Each structure stands twice: as C-alpha cells, then as structure tokens.
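Okay, structure.cif now, which holds mmCIF, C-alpha atoms:
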data_query
loop_
_atom_site.group_PDB
_atom_site.id
_atom_site.type_symbol
_atom_site.label_atom_id
_atom_site.label_comp_id
_atom_site.auth_asym_id
_atom_site.auth_seq_id
_atom_site.Cartn_x
_atom_site.Cartn_y
_atom_site.Cartn_z
ATOM 1 C CA MET A 509 -23.805 -22.266 -67.270
ATOM 2 C CA ALA A 510 -22.905 -23.750 -63.906
ATOM 3 C CA GLU A 511 -19.232 -23.117 -64.633
ATOM 4 C CA ASP A 512 -19.982 -19.509 -65.553
ATOM 5 C CA GLY A 513 -21.900 -19.151 -62.293
ATOM 6 C CA PHE A 514 -18.957 -20.545 -60.321
ATOM 7 C CA TRP A 515 -16.483 -18.048 -61.807
ATOM 8 C CA SER A 516 -18.946 -15.197 -61.357
ATOM 9 C CA ARG A 517 -19.381 -16.052 -57.695
ATOM 10 C CA LEU A 518 -15.636 -16.462 -57.217
ATOM 11 C CA TYR A 519 -14.943 -13.103 -58.862
ATOM 12 C CA GLY A 520 -17.378 -11.478 -56.475
ATOM 13 C CA ARG A 521 -15.575 -12.705 -53.338
ATOM 14 C CA PRO A 522 -12.561 -10.445 -52.888
ATOM 15 C CA TYR A 523 -11.332 -11.917 -49.626
ATOM 16 C CA LEU A 524 -11.307 -15.419 -51.057
ATOM 17 C CA LEU A 525 -9.396 -14.168 -54.107
ATOM 18 C CA LEU A 526 -6.953 -12.252 -51.902
ATOM 19 C CA THR A 527 -6.378 -15.346 -49.781
ATOM 20 C CA LEU A 528 -5.810 -17.655 -52.741
ATOM 21 C CA SER A 529 -3.260 -15.285 -54.316
ATOM 22 C CA PRO A 530 -0.691 -15.467 -51.482
ATOM 23 C CA LEU A 531 -1.474 -19.184 -51.095
ATOM 24 C CA PHE A 532 -0.433 -19.820 -54.709
ATOM 25 C CA TRP A 533 2.590 -17.530 -54.336
ATOM 26 C CA ALA A 534 3.569 -19.462 -51.210
ATOM 27 C CA GLY A 535 3.141 -22.646 -53.230
ATOM 28 C CA ASN A 536 6.016 -21.440 -55.391
ATOM 29 C CA THR A 537 8.206 -21.836 -52.307
ATOM 30 C CA VAL A 538 7.277 -25.490 -52.014
ATOM 31 C CA ALA A 539 7.604 -25.943 -55.778
ATOM 32 C CA SER A 540 11.162 -24.591 -55.647
ATOM 33 C CA ARG A 541 12.087 -27.359 -53.213
ATOM 34 C CA LEU A 542 10.195 -30.038 -55.120
ATOM 35 C CA ALA A 543 12.136 -28.998 -58.229
ATOM 36 C CA VAL A 544 15.473 -30.037 -56.671
ATOM 37 C CA GLY A 545 16.628 -33.137 -58.541
ATOM 38 C CA GLU A 546 13.745 -32.810 -61.015
ATOM 39 C CA VAL A 547 14.727 -29.745 -63.074
ATOM 40 C CA SER A 548 17.690 -27.371 -62.840
ATOM 41 C CA PRO A 549 17.081 -23.804 -61.576
ATOM 42 C CA MET A 550 17.561 -21.871 -64.812
ATOM 43 C CA ALA A 551 15.696 -24.473 -66.831
ATOM 44 C CA LEU A 552 12.793 -24.014 -64.411
ATOM 45 C CA THR A 553 13.017 -20.233 -64.793
ATOM 46 C CA THR A 554 13.101 -20.293 -68.594
ATOM 47 C CA TYR A 555 10.402 -22.930 -69.012
ATOM 48 C CA ARG A 556 8.208 -21.182 -66.454
ATOM 49 C CA TRP A 557 8.156 -17.939 -68.414
ATOM 50 C CA SER A 558 7.837 -19.675 -71.765
ATOM 51 C CA GLY A 559 4.731 -21.382 -70.349
ATOM 52 C CA VAL A 560 3.394 -18.033 -69.178
ATOM 53 C CA LEU A 561 3.863 -16.621 -72.684
ATOM 54 C CA VAL A 562 1.873 -19.497 -74.172
ATOM 55 C CA LEU A 563 -1.003 -18.680 -71.826
ATOM 56 C CA LEU A 564 -0.782 -14.936 -72.467
ATOM 57 C CA ALA A 565 -0.793 -15.508 -76.231
ATOM 58 C CA LEU A 566 -4.344 -16.810 -75.834
ATOM 59 C CA PHE A 567 -5.860 -13.685 -74.288
ATOM 60 C CA ALA A 568 -3.337 -10.808 -74.204
ATOM 61 C CA ARG A 569 -2.774 -10.144 -77.890
ATOM 62 C CA ARG A 570 -5.411 -7.452 -78.314
ATOM 63 C CA PRO A 571 -4.442 -5.403 -75.234
ATOM 64 C CA VAL A 572 -0.751 -5.567 -76.199
ATOM 65 C CA LEU A 573 -1.462 -4.433 -79.769
ATOM 66 C CA ALA A 574 -3.575 -1.571 -78.447
ATOM 67 C CA ASP A 575 -0.856 -0.489 -75.987
ATOM 68 C CA TRP A 576 2.105 -1.084 -78.308
ATOM 69 C CA PRO A 577 2.586 2.604 -79.281
ATOM 70 C CA ALA A 578 3.059 3.468 -75.593
ATOM 71 C CA MET A 579 5.205 0.388 -74.906
ATOM 72 C CA LYS A 580 7.630 0.774 -77.790
ATOM 73 C CA PRO A 581 9.547 3.822 -76.428
ATOM 74 C CA ARG A 582 9.889 2.093 -73.029
ATOM 75 C CA LEU A 583 11.154 -1.308 -74.150
ATOM 76 C CA LEU A 584 14.505 -0.895 -72.377
ATOM 77 C CA TYR A 585 12.702 -0.141 -69.100
ATOM 78 C CA ILE A 586 10.403 -3.142 -69.561
ATOM 79 C CA LEU A 587 13.398 -5.369 -70.336
ATOM 80 C CA MET A 588 15.220 -4.190 -67.207
ATOM 81 C CA MET A 589 12.154 -4.641 -65.010
ATOM 82 C CA GLY A 590 11.439 -8.111 -66.357
ATOM 83 C CA ALA A 591 15.041 -9.082 -65.693
ATOM 84 C CA LEU A 592 14.986 -7.685 -62.145
ATOM 85 C CA GLY A 593 11.568 -8.731 -60.913
ATOM 86 C CA PHE A 594 11.201 -12.028 -62.707
ATOM 87 C CA THR A 595 14.487 -13.469 -64.040
ATOM 88 C CA PHE A 596 16.962 -12.429 -61.318
ATOM 89 C CA PHE A 597 14.423 -12.961 -58.550
ATOM 90 C CA ASN A 598 13.508 -16.444 -59.790
ATOM 91 C CA ALA A 599 17.136 -17.386 -60.408
ATOM 92 C CA PHE A 600 18.134 -16.507 -56.823
ATOM 93 C CA TYR A 601 14.936 -18.120 -55.543
ATOM 94 C CA TYR A 602 15.307 -21.465 -57.297
ATOM 95 C CA VAL A 603 19.040 -21.763 -56.633
ATOM 96 C CA ALA A 604 18.445 -20.932 -52.957
ATOM 97 C CA ALA A 605 16.050 -23.886 -52.754
ATOM 98 C CA HIS A 606 19.005 -26.226 -53.301
ATOM 99 C CA TYR A 607 20.645 -25.030 -50.100
ATOM 100 C CA THR A 608 17.935 -24.072 -47.617
ATOM 101 C CA SER A 609 14.479 -25.139 -46.495
ATOM 102 C CA ALA A 610 11.118 -23.962 -47.810
ATOM 103 C CA VAL A 611 10.296 -22.707 -44.300
ATOM 104 C CA ASN A 612 13.340 -20.440 -44.407
ATOM 105 C CA ILE A 613 12.574 -19.271 -47.948
ATOM 106 C CA GLY A 614 9.020 -18.387 -47.013
ATOM 107 C CA ILE A 615 9.882 -16.467 -43.874
ATOM 108 C CA ILE A 616 12.795 -14.612 -45.463
ATOM 109 C CA GLN A 617 10.345 -13.305 -48.077
ATOM 110 C CA GLY A 618 8.869 -11.339 -45.204
ATOM 111 C CA ALA A 619 11.899 -9.061 -45.541
ATOM 112 C CA LEU A 620 10.471 -7.644 -48.772
ATOM 113 C CA PRO A 621 8.389 -4.835 -47.214
ATOM 114 C CA GLY A 622 11.389 -3.730 -45.153
ATOM 115 C CA LEU A 623 13.693 -3.701 -48.143
ATOM 116 C CA VAL A 624 11.098 -1.866 -50.234
ATOM 117 C CA PHE A 625 10.917 0.699 -47.458
ATOM 118 C CA VAL A 626 14.717 1.140 -47.514
ATOM 119 C CA PHE A 627 14.930 1.487 -51.308
ATOM 120 C CA ALA A 628 11.913 3.808 -51.420
ATOM 121 C CA PHE A 629 13.706 6.094 -48.991
ATOM 122 C CA LEU A 630 17.071 5.915 -50.799
ATOM 123 C CA ILE A 631 15.790 6.135 -54.392
ATOM 124 C CA ALA A 632 12.455 7.915 -54.243
ATOM 125 C CA GLY A 633 12.979 9.967 -51.087
ATOM 126 C CA SER A 634 9.773 8.616 -49.545
ATOM 127 C CA ARG A 635 8.744 10.093 -46.222
ATOM 128 C CA VAL A 636 9.395 7.935 -43.189
ATOM 129 C CA ALA A 637 7.749 7.741 -39.804
ATOM 130 C CA LEU A 638 9.269 6.424 -36.590
ATOM 131 C CA GLY A 639 6.747 3.599 -36.488
ATOM 132 C CA GLN A 640 7.720 2.512 -40.006
ATOM 133 C CA VAL A 641 11.410 2.474 -39.093
ATOM 134 C CA ALA A 642 10.736 0.450 -35.958
ATOM 135 C CA GLY A 643 8.433 -1.972 -37.772
ATOM 136 C CA MET A 644 10.812 -2.608 -40.644
ATOM 137 C CA ALA A 645 13.762 -2.977 -38.268
ATOM 138 C CA THR A 646 11.759 -5.613 -36.395
ATOM 139 C CA THR A 647 11.020 -7.434 -39.654
ATOM 140 C CA LEU A 648 14.666 -7.465 -40.719
ATOM 141 C CA PHE A 649 15.657 -8.639 -37.239
ATOM 142 C CA GLY A 650 13.283 -11.572 -37.743
ATOM 143 C CA VAL A 651 15.063 -12.443 -40.979
ATOM 144 C CA GLY A 652 18.341 -12.229 -39.084
ATOM 145 C CA VAL A 653 17.035 -14.830 -36.631
ATOM 146 C CA ILE A 654 16.551 -17.168 -39.590
ATOM 147 C CA ALA A 655 20.020 -16.399 -40.963
ATOM 148 C CA VAL A 656 21.720 -17.344 -37.686
ATOM 149 C CA LYS A 657 19.291 -20.217 -36.996
ATOM 150 C CA GLY A 658 18.491 -18.697 -33.625
ATOM 151 C CA ASP A 659 22.115 -19.171 -32.545
ATOM 152 C CA LEU A 660 24.382 -16.158 -32.044
ATOM 153 C CA ALA A 661 27.383 -18.468 -32.369
ATOM 154 C CA THR A 662 26.572 -18.615 -36.076
ATOM 155 C CA LEU A 663 27.009 -14.847 -36.278
ATOM 156 C CA ALA A 664 30.321 -14.992 -34.436
ATOM 157 C CA ALA A 665 31.604 -17.714 -36.767
ATOM 158 C CA LEU A 666 30.101 -16.051 -39.884
ATOM 159 C CA ASP A 667 28.674 -19.478 -40.748
ATOM 160 C CA PHE A 668 25.631 -18.463 -42.802
ATOM 161 C CA ASN A 669 23.574 -20.761 -44.991
ATOM 162 C CA ALA A 670 24.296 -19.942 -48.645
ATOM 163 C CA GLY A 671 20.653 -20.569 -49.532
ATOM 164 C CA ASP A 672 19.418 -18.058 -46.962
ATOM 165 C CA LEU A 673 21.807 -15.425 -48.342
ATOM 166 C CA MET A 674 20.676 -16.149 -51.903
ATOM 167 C CA MET A 675 17.055 -15.794 -50.846
ATOM 168 C CA LEU A 676 17.892 -12.479 -49.235
ATOM 169 C CA GLY A 677 19.511 -11.483 -52.540
ATOM 170 C CA ALA A 678 16.261 -12.419 -54.297
ATOM 171 C CA CYS A 679 14.376 -10.122 -51.943
ATOM 172 C CA VAL A 680 16.819 -7.276 -52.635
ATOM 173 C CA VAL A 681 16.315 -7.403 -56.414
ATOM 174 C CA TYR A 682 12.528 -7.751 -56.049
ATOM 175 C CA ALA A 683 12.415 -4.793 -53.660
ATOM 176 C CA LEU A 684 14.332 -2.694 -56.183
ATOM 177 C CA TYR A 685 11.889 -3.814 -58.877
ATOM 178 C CA THR A 686 8.948 -2.816 -56.675
ATOM 179 C CA VAL A 687 10.296 0.675 -56.005
ATOM 180 C CA LEU A 688 10.824 1.250 -59.740
ATOM 181 C CA LEU A 689 7.304 0.090 -60.676
ATOM 182 C CA PRO A 690 5.668 3.550 -60.454
ATOM 183 C CA ARG A 691 7.833 4.611 -63.396
ATOM 184 C CA ARG A 692 6.140 2.103 -65.695
ATOM 185 C CA PRO A 693 4.520 3.260 -68.950
ATOM 186 C CA LYS A 694 0.862 4.280 -68.834
ATOM 187 C CA ILE A 695 -0.540 1.045 -70.235
ATOM 188 C CA GLY A 696 -2.929 -1.635 -69.033
ATOM 189 C CA GLY A 697 -1.805 -4.075 -66.380
ATOM 190 C CA LEU A 698 -2.164 -7.099 -68.682
ATOM 191 C CA SER A 699 -0.034 -5.487 -71.382
ATOM 192 C CA PHE A 700 2.619 -4.535 -68.841
ATOM 193 C CA PHE A 701 2.669 -8.044 -67.365
ATOM 194 C CA THR A 702 2.977 -9.500 -70.869
ATOM 195 C CA GLY A 703 5.922 -7.214 -71.615
ATOM 196 C CA LEU A 704 7.620 -8.230 -68.370
ATOM 197 C CA SER A 705 7.023 -11.904 -69.149
ATOM 198 C CA VAL A 706 8.618 -11.570 -72.593
ATOM 199 C CA ALA A 707 11.555 -9.769 -70.974
ATOM 200 C CA ALA A 708 11.851 -12.483 -68.327
ATOM 201 C CA PHE A 709 11.966 -15.217 -70.949
ATOM 202 C CA LEU A 710 14.556 -13.415 -73.080
ATOM 203 C CA THR A 711 16.841 -12.435 -70.184
ATOM 204 C CA SER A 712 16.691 -15.960 -68.746
ATOM 205 C CA LEU A 713 18.187 -17.469 -71.905
ATOM 206 C CA PRO A 714 21.813 -16.368 -71.237
ATOM 207 C CA PHE A 715 21.600 -17.849 -67.732
ATOM 208 C CA LEU A 716 20.237 -21.083 -69.169
ATOM 209 C CA ALA A 717 23.119 -21.130 -71.657
ATOM 210 C CA VAL A 718 25.632 -20.729 -68.821
ATOM 211 C CA GLU A 719 23.931 -23.522 -66.868
ATOM 212 C CA ILE A 720 24.226 -25.788 -69.913
ATOM 213 C CA ALA A 721 27.878 -24.787 -70.537
ATOM 214 C CA LEU A 722 28.762 -25.606 -66.917
ATOM 215 C CA GLY A 723 27.179 -29.029 -67.235
ATOM 216 C CA GLN A 724 24.564 -28.212 -64.591
ATOM 217 C CA TYR A 725 21.516 -28.318 -66.839
ATOM 218 C CA GLN A 726 18.914 -30.910 -65.969
ATOM 219 C CA ALA A 727 16.003 -31.414 -68.311
ATOM 220 C CA PRO A 728 12.701 -31.706 -66.479
ATOM 221 C CA THR A 729 11.623 -35.165 -65.432
ATOM 222 C CA PRO A 730 7.900 -35.954 -65.763
ATOM 223 C CA PHE A 731 7.444 -34.651 -62.230
ATOM 224 C CA GLY A 732 9.678 -31.687 -63.069
ATOM 225 C CA TRP A 733 7.294 -30.729 -65.868
ATOM 226 C CA LEU A 734 4.452 -30.733 -63.330
ATOM 227 C CA VAL A 735 6.471 -28.322 -61.187
ATOM 228 C CA VAL A 736 7.095 -26.112 -64.229
ATOM 229 C CA ALA A 737 3.379 -26.176 -65.067
ATOM 230 C CA TYR A 738 2.417 -25.182 -61.525
ATOM 231 C CA CYS A 739 4.907 -22.293 -61.514
ATOM 232 C CA ALA A 740 3.707 -21.074 -64.918
ATOM 233 C CA VAL A 741 -0.008 -21.252 -64.122
ATOM 234 C CA PHE A 742 -0.659 -20.573 -60.447
ATOM 235 C CA PRO A 743 1.922 -18.139 -58.967
ATOM 236 C CA SER A 744 2.539 -16.469 -62.337
ATOM 237 C CA VAL A 745 -0.893 -16.002 -63.909
ATOM 238 C CA ILE A 746 -3.808 -17.001 -61.681
ATOM 239 C CA SER A 747 -2.442 -15.234 -58.583
ATOM 240 C CA GLN A 748 -1.908 -12.136 -60.706
ATOM 241 C CA ILE A 749 -5.488 -12.170 -61.995
ATOM 242 C CA PHE A 750 -6.979 -12.887 -58.565
ATOM 243 C CA PHE A 751 -4.953 -10.191 -56.835
ATOM 244 C CA VAL A 752 -5.780 -7.526 -59.408
ATOM 245 C CA ARG A 753 -9.478 -8.392 -59.098
ATOM 246 C CA GLY A 754 -9.230 -8.213 -55.315
ATOM 247 C CA VAL A 755 -7.633 -4.776 -55.524
ATOM 248 C CA GLU A 756 -10.471 -3.654 -57.805
ATOM 249 C CA LEU A 757 -13.077 -4.791 -55.268
ATOM 250 C CA VAL A 758 -11.611 -3.613 -51.948
ATOM 251 C CA GLY A 759 -8.829 -1.172 -52.856
ATOM 252 C CA PRO A 760 -5.015 -1.484 -52.682
ATOM 253 C CA GLY A 761 -4.703 -0.601 -49.004
ATOM 254 C CA ARG A 762 -6.880 -3.429 -47.717
ATOM 255 C CA ALA A 763 -5.682 -5.841 -50.401
ATOM 256 C CA GLY A 764 -2.004 -5.237 -49.668
ATOM 257 C CA VAL A 765 -2.322 -6.638 -46.151
ATOM 258 C CA PHE A 766 -3.036 -10.092 -47.596
ATOM 259 C CA ILE A 767 0.474 -10.280 -49.077
ATOM 260 C CA ASN A 768 1.682 -10.708 -45.513
ATOM 261 C CA LEU A 769 0.110 -14.177 -45.572
ATOM 262 C CA ILE A 770 2.856 -15.469 -47.902
ATOM 263 C CA PRO A 771 5.389 -16.381 -45.164
ATOM 264 C CA VAL A 772 2.600 -17.900 -43.066
ATOM 265 C CA PHE A 773 1.278 -20.057 -45.897
ATOM 266 C CA ALA A 774 4.814 -20.958 -46.992
ATOM 267 C CA ALA A 775 5.689 -22.229 -43.513
ATOM 268 C CA ILE A 776 2.458 -24.234 -43.260
ATOM 269 C CA LEU A 777 2.845 -25.773 -46.725
ATOM 270 C CA ALA A 778 6.504 -26.620 -46.098
ATOM 271 C CA VAL A 779 5.545 -28.583 -43.008
ATOM 272 C CA LEU A 780 2.441 -30.253 -44.492
ATOM 273 C CA VAL A 781 3.699 -31.008 -48.009
ATOM 274 C CA LEU A 782 7.449 -31.394 -47.537
ATOM 275 C CA GLY A 783 7.480 -32.619 -43.952
ATOM 276 C CA GLU A 784 10.011 -29.969 -42.934
ATOM 277 C CA SER A 785 10.539 -29.220 -39.278
ATOM 278 C CA PHE A 786 9.261 -26.005 -37.763
ATOM 279 C CA ARG A 787 11.526 -25.043 -34.895
ATOM 280 C CA ALA A 788 11.195 -22.508 -32.115
ATOM 281 C CA TYR A 789 13.449 -20.002 -33.883
ATOM 282 C CA HIS A 790 11.189 -20.242 -36.962
ATOM 283 C CA ALA A 791 8.214 -19.295 -34.783
ATOM 284 C CA LEU A 792 10.156 -16.377 -33.290
ATOM 285 C CA ALA A 793 11.291 -15.187 -36.720
ATOM 286 C CA LEU A 794 7.779 -15.455 -38.158
ATOM 287 C CA ALA A 795 6.336 -13.503 -35.234
ATOM 288 C CA LEU A 796 8.967 -10.776 -35.646
ATOM 289 C CA VAL A 797 8.490 -10.567 -39.424
ATOM 290 C CA LEU A 798 4.693 -10.365 -39.304
ATOM 291 C CA GLY A 799 4.682 -8.149 -36.229
ATOM 292 C CA GLY A 800 7.100 -5.733 -37.857
ATOM 293 C CA ILE A 801 5.075 -5.625 -41.066
ATOM 294 C CA PHE A 802 1.818 -4.889 -39.271
ATOM 295 C CA TRP A 803 3.526 -2.313 -37.055
ATOM 296 C CA ALA A 804 4.850 -0.477 -40.112
ATOM 297 C CA GLU A 805 1.525 -0.784 -41.961
ATOM 298 C CA TRP A 806 -0.399 0.558 -38.979
ATOM 299 C CA SER A 807 1.912 3.547 -38.658
ATOM 300 C CA LYS A 808 1.422 4.541 -42.307
ATOM 301 C CA ARG A 809 -2.236 3.530 -42.672
ATOM 302 C CA GLY A 810 -3.162 7.013 -43.834
ATOM 303 C CA GLU A 811 -0.279 7.347 -46.272
ATOM 304 C CA ARG A 812 -0.700 4.380 -48.611
ATOM 305 C CA VAL A 813 -0.086 5.086 -52.256
ATOM 306 C CA SER A 814 -1.676 2.945 -54.944
ATOM 307 C CA ASP A 815 0.413 1.647 -57.840
ATOM 308 C CA GLY A 816 -2.365 -0.490 -59.300
ATOM 309 C CA THR A 817 -0.117 -3.330 -60.444
ATOM 310 C CA SER A 818 0.726 -6.517 -58.607
ATOM 311 C CA ALA A 819 3.589 -8.696 -59.694
ATOM 312 C CA SER A 820 4.160 -12.372 -59.975
ATOM 313 C CA ARG A 821 6.497 -14.148 -57.575
#

Write the structure described by the file as structure tokens, please.
Amino acid sequence: MAEDGFWSRLYGRPYLLLTLSPLFWAGNTVASRLAVGEVSPMALTTYRWSGVLVLLALFARRPVLADWPAMKPRLLYILMMGALGFTFFNAFYYVAAHYTSAVNIGIIQGALPGLVFVFAFLIAGSRVALGQVAGMATTLFGVGVIAVKGDLATLAALDFNAGDLMMLGACVVYALYTVLLPRRPKIGGLSFFTGLSVAAFLTSLPFLAVEIALGQYQAPTPFGWLVVAYCAVFPSVISQIFFVRGVELVGPGRAGVFINLIPVFAAILAVLVLGESFRAYHALALALVLGGIFWAEWSKRGERVSDGTSASR
C-alpha cells in the first residue's frame, strides 16, 4: 500500500518527473564513459536494446497486439526510424565516448534543437522566425566552441577531436529522426516505442557482427553489465515513461523546456561522478547553447506543435 502511495504521489508531480527524465538521459552520457574498457560500443548498443525488449515483453504485449494491424503496413518506416534514432545514434554516441569527455558529449547534445530546426526547414518546410534563426545559430556556435576547445588555432589547424565530431554525427541522425517522427503510424506511444526498440535491436546486430569480425568486441565485465542495465532501464524506459506522464500533466510546450536540462545535468554528473575538469570554454559553450535554445523557444512560444511522443536517448 505504501509503495502504491509512493508511485501515485510521484505520478502526480509533473515537474519532478520532468526533472528526473533529463537527469537519467544525462546519466547515459556518464554511462558511455564508464563503459570504456568494460564493454565495447556495439555490444553495449545491442545488449541495451535486448534488455529493453525484455522489459517491454512484460507490459507491452497487449498494446502491440491491439495496434498490430496499423503497424504492419508501416514496418519499413518503423525499422528505419529505430535504426536512425536508436541504433545509429547510440553507435555514434558510445564510440564517441572513447575519444572525448562526458562534459563535451553532454554539451554537444545541446546542438539537437538547432539541427532539428535546420532539418525541419529543409524537409518539412517549417516556418522560421528571425529569433529562431538567431537562437539556433547561437546554439551551434556554442557547440563550435567545444569543437575547437575555445582555441581558434584548432580551427586553423583543422585539429578536431574525433569524438566530438562523432557526437555531432549522433546529433545529426537524431535530429533527422525527430523531424520524421510526425509521420509515424497512428498507434499508441508504447506500441510505437516497442516497434522502435525491436528495430533498434535488429539493426544493431550487423554492427555487432562487424565489431566481432574486426576483433574489437569486448564482452561486458561485471561492471559492464551494470552499465548495460542502467542504459536499458533508466534512459531507455523510465525516462520515457516519466516524460510522457509529464507531458500529459502540463502539456508538450512546458514539458519540452525540461529537455534543455540534459547538457546541464551531463556536465554536472561528469564532474561529480567522473572527476572530469570543467574549463572556462565549457562554461562559455554551455551558456551559448542554453541561451540560444531559450532564445529560439521564446521566439516561437506561440507556435509550438505537439507530436505527443518522446524518444529515448
């Protein structure tokens, strides 16, 4: 009874739910660094989504069966979206962690709104306002500060960190995934997430096979399995459930602002958990990224469009 009361109270506190969601997503940034030397990137990706499927098998079977007639004609779309938003994104993400810091990974994720804005304009022909352009340009400039480590000599020498570029690639594929989300089949969010998770698992297998063929596969150590478990449970499932509930309680416009906490939480966790350094150029980049996001959000505050589906990071 007490446990039921706890979950009932938690589910009635949207701002707590919407704060925990980006916190767990930011935790994936730290987990990606903790995984280095404990489990190889594609093994982490495949085992993460296989773990998610085990969890979904417990409570998603009925919704999926009910929505199957609408899902069946769109299986190719679901496969493509699962590959883009989950497999490719995670592959770039976890490989990037071998070459750059969690602080950098977290802040570079702040480029997502700007890239979504660009793809929405190019693919969907979304309307743009001057404030949105200025805000997103500011955000991308902040990511550029990270890429050059606050030193213009890096730009002149074209000496970029491979991990930072891979993380930017992860943001590109996730932005494309986000822009294509409104084309999803008219099914429940849980069924759609389950379909994407199945697609992510299946499309990760060829990458895992290549990793094994190249001799780069590393089976999870005991600690590596803990990292896999965290990635499967918290940023994949619990954050999804919490965010959807938060959207139900306060609406997508107000809920969406909380996603901007991901780079903040990622930077804090990287310093506290991993002991990474937080330099002046990180502070400048974070200020530019968050400032640009809020600038763009403020300029379009009356033009938000609800999609109704969040996605796992």

Exercise for the section: Report as a PyMOL selection string the full result of the PyMOL selection byres ((chain A and resi 672) around 9) when it is applied to this structure. Expected result: chain A and resi 604-605+607-609+612-613+616+654-655+668-671+673-677

So that each row is one residue of segment 556-654 of chain A with an atom at most 6 Å from segment 773-778 of chain A, can you give its shortest atom pair and the distance in Å to one decimal, using all atoms listed in the file, rows by chain and rising number, as CSV?
residue,atom,partner,partner_atom,distance
A:Ala610,CA,A:Ala778,CA,5.6
A:Val611,CA,A:Ala775,CA,4.7
A:Gly614,CA,A:Ala774,CA,4.9

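Atom pair atom CA of Gly723 of chain A / atom CA of Phe594 of chain A: separated by 23.8 Å.
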
Handout entry: Who sits within 9 Å of Phe742 of chain A, only C-alpha atoms, same chain under 2 positions skipped, as a list in words
Key =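 Close residues of Phe742 of chain A: Ser529, Phe532, Trp533, Gly535, Asn536, Ala737, Tyr738, Cys739, Ala740, Ser744, Val745, Ile746, Ser747 and Gln748 of chain A.
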
Exercise for the section: Could you give me, as a VMD selection string, the residues within 10 Å of Ala632 of chain A, counting all atoms listed in the file and dropping anything in the same chain fewer than 6 positions from it? Expected result: chain A and resid 626 687 to 688

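Candidate residues A:Leu780, A:Cys679, A:Val741, A:Ala599 were compared for distance to Ile615 of chain A, and the nearest is A:Cys679, using all atoms listed in the file.
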
Practice task
Go ahead and compute the interatomic distance for atom CA of Leu722 of chain A and atom CA of Leu561 of chain A, in Å to one decimal.
Solution key: 27.1 Å

Practice task
Provide the atom CA of Ile749 of chain A to atom CA of Gly697 of chain A distance in Å, to one decimal place.
Solution key: 9.9 Å

Problem - Selection: 12 Å around segment 578-580 of chain A, only C-alpha atoms, excl. self and same-chain fewer than 2 positions, as a list of chain:residue names - result: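 So the residues in contact are A:Pro571, A:Val572, A:Leu573, A:Ala574, A:Asp575, A:Trp576, A:Arg582, A:Leu583, A:Leu584, A:Tyr585, A:Ile586, A:Leu587, A:Arg692, A:Pro693, A:Lys694, A:Ile695, A:Gly696, A:Gly697, A:Ser699, A:Phe700, A:Phe701, A:Thr702, A:Gly703, A:Leu704.
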
Handout entry: Given only C-alpha atoms as the counted atoms, nearest of A:Gly754, A:Arg541, A:Ala645, A:Tyr682 to Phe766 of chain A
Key =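 Distance minimum relative to Phe766 of chain A lands on A:Gly754.
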